[in-house]
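To keep things clear, I will list the structure first and then write my remarks on it.
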Amino acid sequence: MLKFKLARQLRCLLVPSVPHNSLTVTYETLLFPISSLFTASQNRTCTSTPHLNPKNSLLVNYLTDSLKFPKTQAIAISTRFSSSIDSTEKPEATVRYLKALGFSDTQLLSSIKRQPTILFADVEKTLKPKVTFYQELGLCGPRLGILISKNPALLTSSLDKKLKPSIGVIKKVLELDGTKTKNNDISDLMFRILSRYAWVIGNDSRLQSNIIYLRRCGVIGSQLIMLLKTEPRLFSIREEELKNLVSRAIGMGFEMGSRMLVYGILALYCNSAETINRKFELLRKFGFSRDDCNLIFVKSPALFKVSEAKLRRGIEFFTHTLMLDKSVLVGSPFLLMFSVEKRMIPRFKFLETIKSRGLLGKQPSFITVLIMPDKEFVEKFISRFEDDAKELKVAYENHLLESSEV
């Protein structure tokens with residue numbers, strides 16, 4: 001009965017009642033509105049599929065035939081140009097020029113893919129003056145291709161309004177704060193900075209103000225250069241944001257003018273407040289006080305860049321396996337930077353092995369063994385025991401293998 005009622009209701013919806021005195025209505029007529037909906041839907045689907053604009057087909061063919069771009073990439077690049085493209089004269093000139101400068105095919109394709117407007121830049125008026133500027137900075141030869149392929153905005157940004165002012169600020173810092181002032185050293189540093197990020201280009205006033213503020217905080221010399229090399233994006237944020245980072249660092253225990261302040265700023269910049277709080281909470285679960293957490297952060301800011309899983313495994317190893325007091329980690333938090341699987345466990349097990357064989361007179365502390373460089377560790381605990389060296393080496397390698405498989 002229920003099935004009958006449902007079927008009847010569905011029929012009423014599809015086939016409305018027709019007066020007895022009306023003309024016969026076919027099912028085709030009645031279902032036309034429904035079928036037309038499906039047809040319209042299919043039409044919309046078809047029309048939403050992107051098609052290559054005929055005005056860009058010439059460019060697509062050039063990119064695929066001459067430069068060997070995959071068809072999908074060539075189409076994506078072509079859509080970046082709204083005006084009609086009726087000639088490949090400029091792209092051909094650009095490609096010839098960049099190849100003459102020594103660009104490899106990979107560097108050429110990477111530059112175009114990241115900054116397609118290079119294709120239609122005027123070689124004489126736009127590209128050559130910028131290339132000459134970089135060459136005068138010592139950024140020439142193979143370096144130039146690497147630099148542009150990583151940061152092609154260096155060929156499209158305004159030379160006088162953006163590039164010269166911003167790069168001039170950076171060059172001045174390198175000259176004033178660098179421990180070495182030879183031209184080669186400056187060009188090396190400039191290459192590393194400019195090939196990493198484009199954010200330092202285009203806002204020389206913000207770049208300058210942030211540099212001045214950091215210097216007032218005591219971040220000078222090699223530390224300022226280190227910041228430019230490792231995190232140039234930091235110099236593009238608003239000064240208010242930078243001041244907030246410094247304020248947070250001071251609030252956690254760093255001192256203005258301290259050599260460690262820059263590392264605190266970096267750690268806070270590279271980690272969200274939520275990430276820092278989660279790692280503090282992890283430490284608290286192991287019994288560390290809030291003051292302990294702040295002290296750990298001040299002594300080893302880089303520790304807060306590691307994953308929570310690595311941090312947890314390290315703490316468990318020191319407190320549960322070695323049975324050491326938490327104060328050891330508060331005093332030397334850098335110990336948690338070592339890999340549990342690749343260093344802590346293998347060296348711990350190996351030390352137990354040679355102790356059981358009575359090969360050691362005075363027992364070294366595990367901390368001493370842990371921080372030894374690999375070469376010194378092998379010389380002191382494997383190579384020196386000539387009669388057992390081969391066997392000990394195999395044992396240590398087995399410990400490394402076992403630990404890595406955990």
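Ordered as shown in the structure tokens, chains take letters A, B, and onward, while each chain numbers its residues from 1 and ligands are numbered from 1 in the order shown.
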Please run DSSP on the backbone and report, as a PyMOL selection string, all residues within segment 125-227 of chain A that come out as helix (DSSP H, G or I). chain A and resi 125-136+142-150+153-156+159-177+183-196+204-216+221-227
Name all residues at most 8 Å from Leu154 of chain A (count only C-alpha atoms; drop same-chain ones fewer than 2 positions away) and give them as a PyMOL selection string. chain A and resi 130+148+151-152+156-157+163+198
So that I can check the surroundings of segment 374-379 of chain A, please list as a list in words every protein, DNA and RNA residue that reaches within 10 Å of it, counting only C-alpha atoms and ignoring chain neighbours fewer than 3 positions away. Arg343, Arg347, Thr368, Val369, Leu370, Ile371, Ile382, Ser383, Arg384, Phe385, Ala389, Leu392, Lys393 and Tyr396 of chain A
